[in-house]
Structure formats: structure tokens, C-alpha cells
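**Student:** Questions regarding the structure given below will be posed in turn.
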Amino acid sequence: PPRGRINIDRVWRVEEGGMCQVPMEQIRPGEKIRVDAGNVIPVDGTVLSGEAEVNQAAMTGESEAASKREGSVVFAGTTLETGTVSISL
């Protein structure tokens, strides 16, 4: 099934040796992006590294933030309240 995606102009792509800010339309399945606290997760994906508290109220109706860590699934349109994660699309 197609992955969820929201309208965000630019994201931080994780590359060998660092990160590069690129237009969202250049991100392809299998690539990694970094999302920091206060930002909206732009795509559905899986956390590869880091830990975060994610506000999923818009998706799930949960009033409490959900803890996310390596292996957790994250959803486009949810917001990182704390932490930083690298996500695989």
C-alpha cells in the first residue's frame, strides 16, 4: 500500500557523513530522514534511531503523547513533542 505523506516543502535527509536539507519530493522509499522536536512527521515510516514523544491525537484520538523508539511506526501528520528521530520511509 502507498505510504502516507503530507505537504512539507523540505526535510533533513540522513546521508553518509551527515545530513542535507532537500525538497520532500526528492525523498524515496528506503531513504532516511531526521525529524526534531516541534516538527511534523512528513511521512509514514519506522524509527531507525532516537527516541521521541509523539502527539498522535489527530490520527488516533489519544490524549497522551506516544513514546517512540527504534522499531516504532510513526505516522505522517503527527508531531514530535520532544526528542529527535531518524525515520526510514
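Each chain in the C-alpha cells gets a letter, A, B and so on, in the order shown; residues start at 1 in every chain, and ligands are counted from 1 in the order they appear.
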Which neighbours of Asn39 (chain A) fall inside 6 Å, counting only C-alpha atoms, when residues of the same chain fewer than 2 positions from it are skipped, and could you give them as a PyMOL selection string?

**Tutor:** chain A and resi 36-37+79-80

**Student:** Going by DSSP on the backbone, which residues of region 7-88 of chain A come out as helix (DSSP H, G or I)? List them as a ChimeraX atom specification.

**Tutor:** /A:24-26,57-60

**Student:** Quick one: pull the distance between CA of Val14 (chain A) and CA of Glu70 (chain A), Å, one decimal.

**Tutor:**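 Distance between the two atoms: 15.6 Å.
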
**Student:** Can you work out which one of A:Gly83, A:Glu53, A:Ala58, A:Thr46 has the shortest atom-to-atom distance to Gly71 (chain A), counting only C-alpha atoms?

**Tutor:**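 Using only C-alpha atoms, the shortest distance to Gly71 (chain A) belongs to A:Thr46.
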
**Student:** Identify which of the residues A:Arg28, A:Pro23, A:Ala76, A:Glu81 lies closest to Glu64 (chain A), counting only C-alpha atoms when measuring atom-to-atom distances.

**Tutor:** A:Glu81

**Student:** Given the choices A:Gln21, A:Gln56, A:Ser67, A:Gln26, which gets closest to Ile41 (chain A) if the distance is worked out from only C-alpha atoms?

**Tutor:** A:Gln56

**Student:** Might you pull out every residue within 8 Å of Thr78 (chain A), with only C-alpha atoms counted and same-chain residues fewer than 3 positions away left off, and present them as a list in words?

**Tutor:**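 Selected residues are Val40, Ile41, Val54, Asn55, Gln56, Ala57, Ala58, Met59, Val74 and Phe75 of chain A.
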
**Student:** Rounded to one decimal, what separation in Å do you get between CA of Arg13 (chain A) and CA of Glu31 (chain A)?

**Tutor:**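 Computed distance, CA of Arg13 (chain A) to CA of Glu31 (chain A), equals 7.5 Å.
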
**Student:** What gap, in Å, lies between CA of Gly18 (chain A) and CA of Glu51 (chain A)?

**Tutor:**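 Pair CA of Gly18 (chain A) / CA of Glu51 (chain A) returns 18.9 Å.
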
**Student:** Name all residues at most 12 Å from Ile27 (chain A) (count only C-alpha atoms; drop same-chain ones fewer than 2 positions away) and give them as an NGL selection string.

**Tutor:** :A and (5 or 8-15 or 20-25 or 29-34 or 42-43 or 87-89)

**Student:** Given only C-alpha atoms as the basis, pick out the residue of A:Val35, A:Thr60, A:Met19, A:Thr82 nearest to Val47 (chain A).

**Tutor:**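 Closest to Val47 (chain A) of all the choices is A:Val35.
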
**Student:** Can you tell me, as a ChimeraX atom specification, which residues in chain A count as strand (DSSP E) by DSSP?

**Tutor:** /A:10-15,18-23,32-36,45-55,66-68,73-74,79-88
